[in-house]
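What follows is the content of model.pdb (PDB, C-alpha atoms).
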```pdb
ATOM      1  CA  SER C   1      87.725  41.552  53.230
ATOM      2  CA  ASN C   2      84.199  41.816  51.866
ATOM      3  CA  LEU C   3      82.674  42.256  48.461
ATOM      4  CA  ALA C   4      82.243  46.017  48.460
ATOM      5  CA  LYS C   5      85.742  46.633  49.819
ATOM      6  CA  ASP C   6      87.267  44.349  47.194
ATOM      7  CA  LEU C   7      85.524  46.399  44.524
ATOM      8  CA  GLY C   8      86.881  49.667  45.899
ATOM      9  CA  PHE C   9      84.209  50.867  48.331
ATOM     10  CA  GLU C  10      84.649  51.921  51.936
ATOM     11  CA  VAL C  11      82.717  49.698  54.346
ATOM     12  CA  PRO C  12      81.532  49.796  57.963
ATOM     13  CA  LYS C  13      84.194  48.362  60.270
ATOM     14  CA  SER C  14      81.844  45.831  61.794
ATOM     15  CA  PHE C  15      80.815  44.220  58.499
ATOM     16  CA  ARG C  16      81.470  40.495  58.719
ATOM     17  CA  ARG C  17      84.682  39.152  57.189
ATOM     18  CA  ASN C  18      82.949  36.343  55.348
ATOM     19  CA  ALA C  19      80.380  38.616  53.661
ATOM     20  CA  LYS C  20      81.954  38.264  50.221
ATOM     21  CA  GLU C  21      81.779  34.484  50.155
ATOM     22  CA  GLN C  22      78.314  34.456  51.675
ATOM     23  CA  ILE C  23      76.860  37.012  49.267
ATOM     24  CA  LEU C  24      78.366  35.311  46.238
ATOM     25  CA  ARG C  25      77.201  31.852  47.362
ATOM     26  CA  GLU C  26      73.640  32.839  48.204
ATOM     27  CA  ALA C  27      73.299  35.146  45.195
ATOM     28  CA  THR C  28      74.086  32.185  42.988
ATOM     29  CA  GLU C  29      71.838  29.784  44.882
ATOM     30  CA  LYS C  30      68.835  31.968  45.692
ATOM     31  CA  ALA C  31      68.523  34.772  43.127
ATOM     32  CA  PRO C  32      64.944  34.531  41.785
ATOM     33  CA  SER C  33      64.195  33.690  38.183
ATOM     34  CA  PRO C  34      61.747  35.691  36.057
ATOM     35  CA  SER C  35      58.322  34.113  35.931
ATOM     36  CA  SER C  36      56.642  35.624  32.889
ATOM     37  CA  SER C  37      57.208  37.686  29.768
ATOM     38  CA  ASP C  38      55.323  40.620  28.298
ATOM     39  CA  GLU C  39      55.043  41.867  24.730
ATOM     40  CA  SER C  40      57.793  44.441  25.173
ATOM     41  CA  GLY C  41      60.414  41.680  25.287
ATOM     42  CA  PHE C  42      61.157  42.101  28.983
ATOM     43  CA  GLU C  43      60.759  39.272  31.454
ATOM     44  CA  MET C  44      58.836  40.223  34.569
ATOM     45  CA  PRO C  45      58.877  38.499  37.971
ATOM     46  CA  ASP C  46      55.941  37.772  40.238
ATOM     47  CA  PHE C  47      55.248  41.201  41.721
ATOM     48  CA  GLU C  48      53.018  39.719  44.426
ATOM     49  CA  MET C  49      56.056  38.436  46.344
ATOM     50  CA  SER C  50      56.347  40.133  49.717
ATOM     51  CA  GLY C  51      59.560  41.491  51.160
ATOM     52  CA  SER C  52      59.705  38.736  53.786
ATOM     53  CA  GLU C  53      59.430  36.074  51.089
ATOM     54  CA  MET C  54      62.159  37.479  48.867
ATOM     55  CA  PRO C  55      65.540  35.747  48.954
ATOM     56  CA  GLN C  56      67.951  37.329  51.394
ATOM     57  CA  LEU C  57      71.699  37.292  50.905
ATOM     58  CA  GLY C  58      73.526  36.763  54.159
ATOM     59  CA  LYS C  59      72.325  36.582  57.733
ATOM     60  CA  LYS C  60      72.417  39.092  60.522
ATOM     61  CA  LYS C  61      73.606  38.581  64.083
ATOM     62  CA  PRO C  62      72.511  40.928  66.890
ATOM     63  CA  SER C  63      76.063  42.267  67.168
ATOM     64  CA  ASP C  64      76.359  43.021  63.464
ATOM     65  CA  HIS C  65      75.968  46.490  61.994
ATOM     66  CA  SER C  66      75.688  45.185  58.471
ATOM     67  CA  VAL C  67      72.926  45.251  55.944
ATOM     68  CA  VAL C  68      71.435  42.016  54.722
ATOM     69  CA  PRO C  69      70.868  42.598  51.021
ATOM     70  CA  PHE C  70      68.748  40.593  48.638
ATOM     71  CA  LEU C  71      68.707  40.775  44.887
ATOM     72  CA  GLN C  72      65.416  41.042  43.004
ATOM     73  CA  ARG C  73      65.762  41.436  39.274
ATOM     74  CA  SER C  74      62.628  43.275  38.248
ATOM     75  CA  ALA C  75      63.196  43.343  34.496
ATOM     76  CA  HIS C  76      65.875  42.361  32.079
ATOM     77  CA  GLY C  77      66.317  41.707  28.403
ATOM     78  CA  ASN C  78      65.479  38.142  27.433
ATOM     79  CA  SER C  79      68.220  37.494  24.888
ATOM     80  CA  GLY C  80      71.859  38.220  24.238
ATOM     81  CA  GLU C  81      70.863  39.574  20.831
ATOM     82  CA  GLN C  82      68.643  42.225  22.419
ATOM     83  CA  ASP C  83      71.349  43.197  24.909
ATOM     84  CA  ALA C  84      73.843  43.636  22.075
ATOM     85  CA  LYS C  85      71.557  46.155  20.386
ATOM     86  CA  ALA C  86      70.426  48.095  23.442
ATOM     87  CA  ALA C  87      72.186  50.179  26.076
ATOM     88  CA  CYS C  88      71.927  48.444  29.440
ATOM     89  CA  VAL C  89      71.160  50.301  32.648
ATOM     90  CA  ALA C  90      71.028  49.215  36.276
ATOM     91  CA  SER C  91      68.762  50.691  38.931
ATOM     92  CA  VAL C  92      69.638  50.150  42.610
ATOM     93  CA  VAL C  93      66.723  50.601  45.014
ATOM     94  CA  PRO C  94      67.549  50.929  48.749
ATOM     95  CA  PHE C  95      64.720  49.408  50.745
ATOM     96  CA  ARG C  96      63.567  48.557  54.236
ATOM     97  CA  GLY C  97      60.159  47.694  55.650
ATOM     98  CA  ARG C  98      58.026  49.557  53.120
ATOM     99  CA  SER C  99      56.022  46.772  51.526
ATOM    100  CA  ALA C 100      53.212  49.139  50.476
ATOM    101  CA  HIS C 101      55.666  51.325  48.555
ATOM    102  CA  LEU C 102      57.443  48.285  47.129
ATOM    103  CA  ASN C 103      54.207  46.931  45.633
ATOM    104  CA  LEU C 104      53.403  50.358  44.174
ATOM    105  CA  PHE C 105      56.948  50.562  42.816
ATOM    106  CA  TYR C 106      56.603  47.222  41.020
ATOM    107  CA  ASP C 107      53.262  48.206  39.513
ATOM    108  CA  HIS C 108      54.496  51.608  38.347
ATOM    109  CA  ILE C 109      57.842  50.441  36.956
ATOM    110  CA  SER C 110      56.188  47.639  34.967
ATOM    111  CA  LYS C 111      54.218  50.375  33.168
ATOM    112  CA  PHE C 112      57.213  52.668  32.770
ATOM    113  CA  LEU C 113      59.253  49.879  31.133
ATOM    114  CA  LYS C 114      56.733  49.752  28.277
ATOM    115  CA  THR C 115      57.214  53.417  27.348
ATOM    116  CA  PRO C 116      59.316  54.276  24.268
ATOM    117  CA  GLU C 117      62.147  55.809  26.297
ATOM    118  CA  ALA C 118      62.462  52.748  28.556
ATOM    119  CA  SER C 119      61.618  49.855  26.225
ATOM    120  CA  ARG C 120      64.632  50.577  24.011
ATOM    121  CA  LEU C 121      66.973  49.769  26.926
ATOM    122  CA  CYS C 122      67.870  46.551  28.688
ATOM    123  CA  TRP C 123      67.415  46.731  32.453
ATOM    124  CA  SER C 124      68.515  45.182  35.719
ATOM    125  CA  PHE C 125      66.907  46.224  39.005
ATOM    126  CA  TYR C 126      68.466  45.537  42.395
ATOM    127  CA  ILE C 127      66.189  45.821  45.420
ATOM    128  CA  VAL C 128      68.610  45.916  48.360
ATOM    129  CA  GLU C 129      67.102  45.519  51.818
ATOM    130  CA  GLN C 130      68.569  46.690  55.103
ATOM    131  CA  TYR C 131      67.378  43.886  57.339
ATOM    132  CA  ASP C 132      67.712  45.269  60.856
ATOM    133  CA  THR C 133      66.251  47.883  63.217
ATOM    134  CA  ASP C 134      69.222  50.256  63.142
ATOM    135  CA  LEU C 135      69.045  53.667  61.506
ATOM    136  CA  PHE C 136      68.598  53.492  57.750
ATOM    137  CA  ASN C 137      71.879  53.788  55.819
ATOM    138  CA  ARG C 138      70.919  54.659  52.249
ATOM    139  CA  GLY C 139      74.494  55.205  51.063
ATOM    140  CA  TRP C 140      75.827  51.867  52.270
ATOM    141  CA  ILE C 141      72.817  49.986  50.855
ATOM    142  CA  PHE C 142      73.437  51.568  47.456
ATOM    143  CA  ASN C 143      77.116  50.593  47.641
ATOM    144  CA  VAL C 144      76.072  46.971  48.179
ATOM    145  CA  GLY C 145      73.816  47.128  45.105
ATOM    146  CA  LEU C 146      76.571  48.764  43.071
ATOM    147  CA  ALA C 147      78.950  45.990  44.060
ATOM    148  CA  MET C 148      76.369  43.386  43.029
ATOM    149  CA  ALA C 149      75.870  45.096  39.670
ATOM    150  CA  GLY C 150      79.623  44.828  39.191
ATOM    151  CA  LEU C 151      79.282  41.030  39.211
ATOM    152  CA  GLU C 152      76.988  41.062  36.171
ATOM    153  CA  LYS C 153      78.293  40.019  32.777
ATOM    154  CA  ARG C 154      76.524  43.040  31.319
ATOM    155  CA  ASP C 155      78.376  46.240  30.626
ATOM    156  CA  PHE C 156      76.049  48.833  32.128
ATOM    157  CA  LYS C 157      76.106  52.217  30.441
ATOM    158  CA  CYS C 158      74.505  53.868  33.467
ATOM    159  CA  ILE C 159      73.816  52.912  37.072
ATOM    160  CA  ALA C 160      71.171  54.827  39.025
ATOM    161  CA  ILE C 161      70.186  55.087  42.659
ATOM    162  CA  GLN C 162      66.400  54.908  42.621
ATOM    163  CA  ASP C 163      64.399  55.945  45.664
ATOM    164  CA  LEU C 164      61.376  53.757  46.288
ATOM    165  CA  ASP C 165      58.995  56.708  46.692
ATOM    166  CA  THR C 166      60.177  58.876  43.768
ATOM    167  CA  LEU C 167      59.148  57.314  40.467
ATOM    168  CA  PRO C 168      59.584  58.379  36.824
ATOM    169  CA  GLU C 169      56.396  59.740  35.324
ATOM    170  CA  VAL C 170      54.982  57.359  32.722
ATOM    171  CA  GLY C 171      55.176  59.167  29.392
ATOM    172  CA  GLY C 172      57.413  61.882  30.833
ATOM    173  CA  GLY C 173      60.388  61.071  28.623
ATOM    174  CA  VAL C 174      62.809  60.230  31.465
ATOM    175  CA  ASP C 175      65.964  58.722  29.948
ATOM    176  CA  PHE C 176      67.898  56.468  32.337
ATOM    177  CA  SER C 177      70.680  56.080  29.753
ATOM    178  CA  ASP C 178      71.577  59.790  29.976
ATOM    179  CA  CYS C 179      74.767  59.716  32.063
ATOM    180  CA  GLU C 180      77.594  61.200  30.014
ATOM    181  CA  ILE C 181      78.042  63.380  33.089
ATOM    182  CA  PRO C 182      76.577  62.632  36.540
ATOM    183  CA  MET C 183      72.871  63.433  36.286
ATOM    184  CA  GLN C 184      70.069  64.138  38.735
ATOM    185  CA  LEU C 185      67.302  62.505  36.725
ATOM    186  CA  SER C 186      64.641  63.525  39.251
ATOM    187  CA  SER C 187      65.026  67.215  38.486
ATOM    188  CA  GLU C 188      61.272  67.924  38.383
ATOM    189  CA  ILE C 189      59.700  66.358  41.435
ATOM    190  CA  GLU C 190      55.951  66.401  41.981
ATOM    191  CA  CYS C 191      56.172  67.092  45.727
ATOM    192  CA  TYR C 192      58.473  70.084  45.045
ATOM    193  CA  GLY C 193      56.059  71.669  42.570
ATOM    194  CA  TRP C 194      57.605  69.844  39.600
ATOM    195  CA  LEU C 195      60.914  71.648  40.199
ATOM    196  CA  PRO C 196      64.330  70.842  41.717
ATOM    197  CA  PRO C 197      64.468  71.391  45.508
ATOM    198  CA  TYR C 198      67.356  73.873  45.094
ATOM    199  CA  ALA C 199      70.272  74.496  42.755
ATOM    200  CA  THR C 200      73.015  72.614  44.607
ATOM    201  CA  ASN C 201      70.848  69.625  45.521
ATOM    202  CA  ALA C 202      72.321  66.292  44.391
ATOM    203  CA  GLY C 203      69.804  63.907  45.940
ATOM    204  CA  GLY C 204      66.941  61.849  44.641
ATOM    205  CA  VAL C 205      67.361  59.688  41.565
ATOM    206  CA  VAL C 206      70.957  60.140  40.398
ATOM    207  CA  THR C 207      72.622  58.232  37.576
ATOM    208  CA  MET C 208      76.260  57.933  36.536
ATOM    209  CA  SER C 209      78.509  55.666  34.554
ATOM    210  CA  GLY C 210      80.175  52.876  36.493
ATOM    211  CA  GLU C 211      83.488  54.646  35.976
ATOM    212  CA  HIS C 212      82.215  57.801  37.692
ATOM    213  CA  TRP C 213      80.683  55.848  40.590
ATOM    214  CA  HIS C 214      84.012  54.144  41.169
ATOM    215  CA  ARG C 215      85.986  57.370  40.875
ATOM    216  CA  ILE C 216      84.010  58.926  43.716
ATOM    217  CA  ASN C 217      84.104  55.636  45.679
ATOM    218  CA  GLY C 218      80.313  55.396  45.782
ATOM    219  CA  PHE C 219      78.433  56.971  48.675
ATOM    220  CA  SER C 220      79.792  57.498  52.146
ATOM    221  CA  ASN C 221      78.731  54.851  54.679
ATOM    222  CA  ASP C 222      78.814  57.342  57.553
ATOM    223  CA  TYR C 223      75.313  58.836  57.229
ATOM    224  CA  GLU C 224      72.693  56.996  59.234
ATOM    225  CA  GLY C 225      69.112  58.152  59.454
ATOM    226  CA  TRP C 226      67.692  60.449  56.798
ATOM    227  CA  GLY C 227      69.771  63.008  54.936
ATOM    228  CA  GLY C 228      73.384  64.057  54.562
ATOM    229  CA  GLU C 229      74.592  61.388  52.159
ATOM    230  CA  ASP C 230      73.395  63.383  49.134
ATOM    231  CA  ASP C 231      75.279  66.498  50.261
ATOM    232  CA  ASP C 232      78.362  64.352  50.756
ATOM    233  CA  LEU C 233      77.843  62.951  47.257
ATOM    234  CA  ARG C 234      77.913  66.462  45.820
ATOM    235  CA  LEU C 235      81.199  67.177  47.629
ATOM    236  CA  ARG C 236      82.729  64.004  46.183
ATOM    237  CA  LEU C 237      81.653  65.018  42.685
ATOM    238  CA  ARG C 238      83.022  68.529  43.170
ATOM    239  CA  GLU C 239      86.393  67.326  44.467
ATOM    240  CA  LEU C 240      86.883  65.196  41.347
ATOM    241  CA  GLY C 241      85.657  67.824  38.886
ATOM    242  CA  LEU C 242      82.529  65.879  37.995
ATOM    243  CA  LEU C 243      79.999  68.657  38.628
ATOM    244  CA  ARG C 244      79.747  69.621  34.973
ATOM    245  CA  GLY C 245      76.145  70.790  34.787
ATOM    246  CA  THR C 246      74.808  74.326  34.432
ATOM    247  CA  CYS C 247      71.561  75.976  35.462
ATOM    248  CA  GLY C 248      70.188  74.696  32.155
ATOM    249  CA  SER C 249      66.411  75.012  31.931
ATOM    250  CA  PHE C 250      66.151  76.376  35.476
ATOM    251  CA  CYS C 251      68.208  79.588  35.326
ATOM    252  CA  ASN C 252      65.159  81.720  36.121
ATOM    253  CA  LEU C 253      64.441  79.961  39.434
ATOM    254  CA  THR C 254      66.237  82.500  41.587
ATOM    255  CA  ASP C 255      64.085  81.575  44.592
ATOM    256  CA  ARG C 256      65.762  78.164  44.477
ATOM    257  CA  ALA C 257      69.281  79.632  44.205
ATOM    258  CA  PHE C 258      69.609  79.207  40.446
ATOM    259  CA  ARG C 259      71.148  82.056  38.448
ATOM    260  CA  PRO C 260      72.118  82.647  34.803
ATOM    261  CA  GLY C 261      75.634  81.522  33.952
ATOM    262  CA  GLN C 262      75.779  79.177  36.933
ATOM    263  CA  THR C 263      78.074  76.145  36.699
ATOM    264  CA  ASP C 264      79.479  73.601  39.151
ATOM    265  CA  LEU C 265      76.105  71.857  39.421
ATOM    266  CA  ILE C 266      75.060  68.265  38.908
ATOM    267  CA  GLY C 267      73.680  67.669  35.417
ATOM    268  CA  ARG C 268      69.923  67.771  34.911
ATOM    269  CA  PRO C 269      67.752  66.768  31.919
ATOM    270  CA  ALA C 270      66.098  69.437  29.836
ATOM    271  CA  ARG C 271      62.898  70.689  31.400
ATOM    272  CA  GLY C 272      60.065  68.277  30.807
ATOM    273  CA  HIS C 273      62.304  65.186  30.856
ATOM    274  CA  GLY C 274      63.000  64.895  34.577
ATOM    275  CA  ARG C 275      59.469  64.487  35.907
ATOM    276  CA  PHE C 276      59.073  62.142  38.901
ATOM    277  CA  ILE C 277      55.976  61.489  40.975
ATOM    278  CA  CYS C 278      55.992  61.110  44.784
ATOM    279  CA  LEU C 279      54.324  58.275  46.672
ATOM    280  CA  ASP C 280      52.198  58.888  49.752
ATOM    281  CA  GLU C 281      54.319  59.801  52.788
ATOM    282  CA  LYS C 282      51.879  57.864  55.019
ATOM    283  CA  SER C 283      53.337  54.600  53.699
ATOM    284  CA  HIS C 284      56.849  55.636  54.757
ATOM    285  CA  THR C 285      58.993  53.673  57.200
ATOM    286  CA  PRO C 286      58.735  55.255  60.680
ATOM    287  CA  ARG C 287      61.419  57.914  60.920
ATOM    288  CA  LYS C 288      62.684  56.661  64.281
ATOM    289  CA  HIS C 289      63.783  53.449  62.585
ATOM    290  CA  GLY C 290      65.583  55.285  59.775
TER
END
```
As structure tokens, how would this structure be written, given the file I've shared?
Amino acid sequence: SNLAKDLGFEVPKSFRRNAKEQILREATEKAPSPSSSDESGFEMPDFEMSGSEMPQLGKKKPSDHSVVPFLQRSAHGNSGEQDAKAACVASVVPFRGRSAHLNLFYDHISKFLKTPEASRLCWSFYIVEQYDTDLFNRGWIFNVGLAMAGLEKRDFKCIAIQDLDTLPEVGGGVDFSDCEIPMQLSSEIECYGWLPPYATNAGGVVTMSGEHWHRINGFSNDYEGWGGEDDDLRLRLRELGLLRGTCGSFCNLTDRAFRPGQTDLIGRPARGHGRFICLDEKSHTPRKHG
């Protein structure tokens, strides 16, 4: 069996049998160490490292249909004392072949981590790369990152899936520790006019407790290419009674299928606290490769 399956996640049938041992061995041997520290008390790595230079966990054979993940810890508390006082959150970032976006992500997140809402937390970031030319499988890549987060000694309050091109607005009050119920943090997206795409949408930056992620068995691994896995996520949440949000601050957006008294939605922050910017689509991975 492999790591994700052992931790309760469904996995592609062709994933190699020795993946668990390989991931654990190389994670221990090759995970990068932070290189510098800033005044906020967070240790920051060298953000100039390119994707090809980052440590990769596992190797891919032409016949494999696996992902080859690597772990890059972008920020974490520098002492046990700090961790004991702060809620810890993990952010899993699915990635493939978008070095321009990755560099922008590092630059933006380093600024976001200094804001009041972020600096009070302790953080772990997992950049998980799909290292092949098959269709992109966002759900499976997140499941790998979630499994890796499960190996940490930290007790994460919340674990988020963070898209590389949808970033929290600096100074926008986005709270990554808000996950009492499953939450769509990116509820006000710049490229959607600073609004949710539509009422029943459950995509974008979503955060939950580890317990909730495990209850729904993570994402499905069946959606390759772009789209579908977020709709499947909503169905999983609905089946387990975890869609506990209401129309909240968006009840008046009838053109986006919101209506007063509406329930059975994913949770969303109060208006003004879910603002996320969009990176330039021109830097996107070619669609034909996922």
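Between atom CA of Lys111 of chain C and atom CA of Asp230 of chain C there is a distance of 28.1 Å.
Using all atoms listed in the file for every distance, the candidate list C:Leu195, C:Ala160, C:Cys179, C:Ile141 yields C:Leu195 as the residue closest to Gly272 of chain C.
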Original post:
Which protein, DNA or RNA residues have an atom at most 9 Å from (58.1, 56.9, 34.5), counting only C-alpha atoms? List them as a PyMOL selection string.
Top reply: chain C and resi 108-109+111-113+115+118+167-174+275-277
**OP:** Rounded to one decimal place, report the atom CA of Phe142 of chain C-atom CA of Leu240 of chain C distance in Å.
**Re:** 20.1 Å
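Distances to Arg154 of chain C were evaluated for C:Phe125, C:His212, C:Ser99, C:Val89 using all atoms listed in the file, and the minimum falls at C:Val89.
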Original post:
So which residues get picked by the PyMOL selection byres ((chain C and resi 185-193) around 10) here, written as a VMD selection string?
Top reply: chain C and resid 160 to 163 166 to 169 174 to 176 178 to 179 182 to 184 194 to 199 201 to 207 250 266 to 280
Written selection (C-alpha atoms) as a CSV table (one decimal), in the coordinates of the input:
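Written out: again10.csv:
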```csv
chain,number,residue,atom,x,y,z
C,160,ALA,CA,71.2,54.8,39.0
C,161,ILE,CA,70.2,55.1,42.7
C,162,GLN,CA,66.4,54.9,42.6
C,163,ASP,CA,64.4,55.9,45.7
C,166,THR,CA,60.2,58.9,43.8
C,167,LEU,CA,59.1,57.3,40.5
C,168,PRO,CA,59.6,58.4,36.8
C,169,GLU,CA,56.4,59.7,35.3
C,174,VAL,CA,62.8,60.2,31.5
C,175,ASP,CA,66.0,58.7,29.9
C,176,PHE,CA,67.9,56.5,32.3
C,178,ASP,CA,71.6,59.8,30.0
C,179,CYS,CA,74.8,59.7,32.1
C,182,PRO,CA,76.6,62.6,36.5
C,183,MET,CA,72.9,63.4,36.3
C,184,GLN,CA,70.1,64.1,38.7
C,194,TRP,CA,57.6,69.8,39.6
C,195,LEU,CA,60.9,71.6,40.2
C,196,PRO,CA,64.3,70.8,41.7
C,197,PRO,CA,64.5,71.4,45.5
C,198,TYR,CA,67.4,73.9,45.1
C,199,ALA,CA,70.3,74.5,42.8
C,201,ASN,CA,70.8,69.6,45.5
C,202,ALA,CA,72.3,66.3,44.4
C,203,GLY,CA,69.8,63.9,45.9
C,204,GLY,CA,66.9,61.8,44.6
C,205,VAL,CA,67.4,59.7,41.6
C,206,VAL,CA,71.0,60.1,40.4
C,207,THR,CA,72.6,58.2,37.6
C,250,PHE,CA,66.2,76.4,35.5
C,266,ILE,CA,75.1,68.3,38.9
C,267,GLY,CA,73.7,67.7,35.4
C,268,ARG,CA,69.9,67.8,34.9
C,269,PRO,CA,67.8,66.8,31.9
C,270,ALA,CA,66.1,69.4,29.8
C,271,ARG,CA,62.9,70.7,31.4
C,272,GLY,CA,60.1,68.3,30.8
C,273,HIS,CA,62.3,65.2,30.9
C,274,GLY,CA,63.0,64.9,34.6
C,275,ARG,CA,59.5,64.5,35.9
C,276,PHE,CA,59.1,62.1,38.9
C,277,ILE,CA,56.0,61.5,41.0
C,278,CYS,CA,56.0,61.1,44.8
C,279,LEU,CA,54.3,58.3,46.7
C,280,ASP,CA,52.2,58.9,49.8
```
**OP:** Evaluate the PyMOL selection byres ((chain C and resi 257) around 8) on the structure here and hand back the selected residues as a PyMOL selection string.
**Re:** chain C and resi 198-200+253-256+258-259
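With atom CA of Leu146 of chain C on one side and atom CA of Ile159 of chain C on the other, the separation reads 7.8 Å.
Shortest atom-to-atom contact with Trp226 of chain C among C:Leu265, C:Leu135, C:Val144, C:Met208: C:Leu135, counting all atoms listed in the file.
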Starting from 8 Å padding per side, set up an axis-aligned box that covers all listed atoms of segment 139-155 of chain C and hand over centre and edge lengths in Å, one decimal, as JSON.
```
{"center_x": 76.2, "center_y": 47.6, "center_z": 41.4, "size_x": 22.8, "size_y": 31.2, "size_z": 37.6}
```
**OP:** Go through C:Tyr106, C:Arg138, C:Asn252, C:Ala147 and flag the residue nearest Tyr223 of chain C, using only C-alpha atoms for the distances.
**Re:** C:Arg138
**OP:** Using the chain letters and residue numbers of this document, give as a ChimeraX atom specification the residues selected by the PyMOL selection byres ((chain C and resi 129) around 6).
**Re:** /C:69,95-96,128,130-131
For the residues in the current selection, export C-alpha atoms as a PDB file, in the coordinates of the input.
```pdb
ATOM      1  CA  PRO C  69      70.868  42.598  51.021  1.00  0.00           C
ATOM      2  CA  PHE C  95      64.720  49.408  50.745  1.00  0.00           C
ATOM      3  CA  ARG C  96      63.567  48.557  54.236  1.00  0.00           C
ATOM      4  CA  VAL C 128      68.610  45.916  48.360  1.00  0.00           C
ATOM      5  CA  GLN C 130      68.569  46.690  55.103  1.00  0.00           C
ATOM      6  CA  TYR C 131      67.378  43.886  57.339  1.00  0.00           C
TER       7      TYR C 131
END
```
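Residue nearest Leu242 of chain C, chosen from C:Ile181, C:Trp213, C:Ser220, C:Arg98 and counting all atoms listed in the file: C:Ile181.
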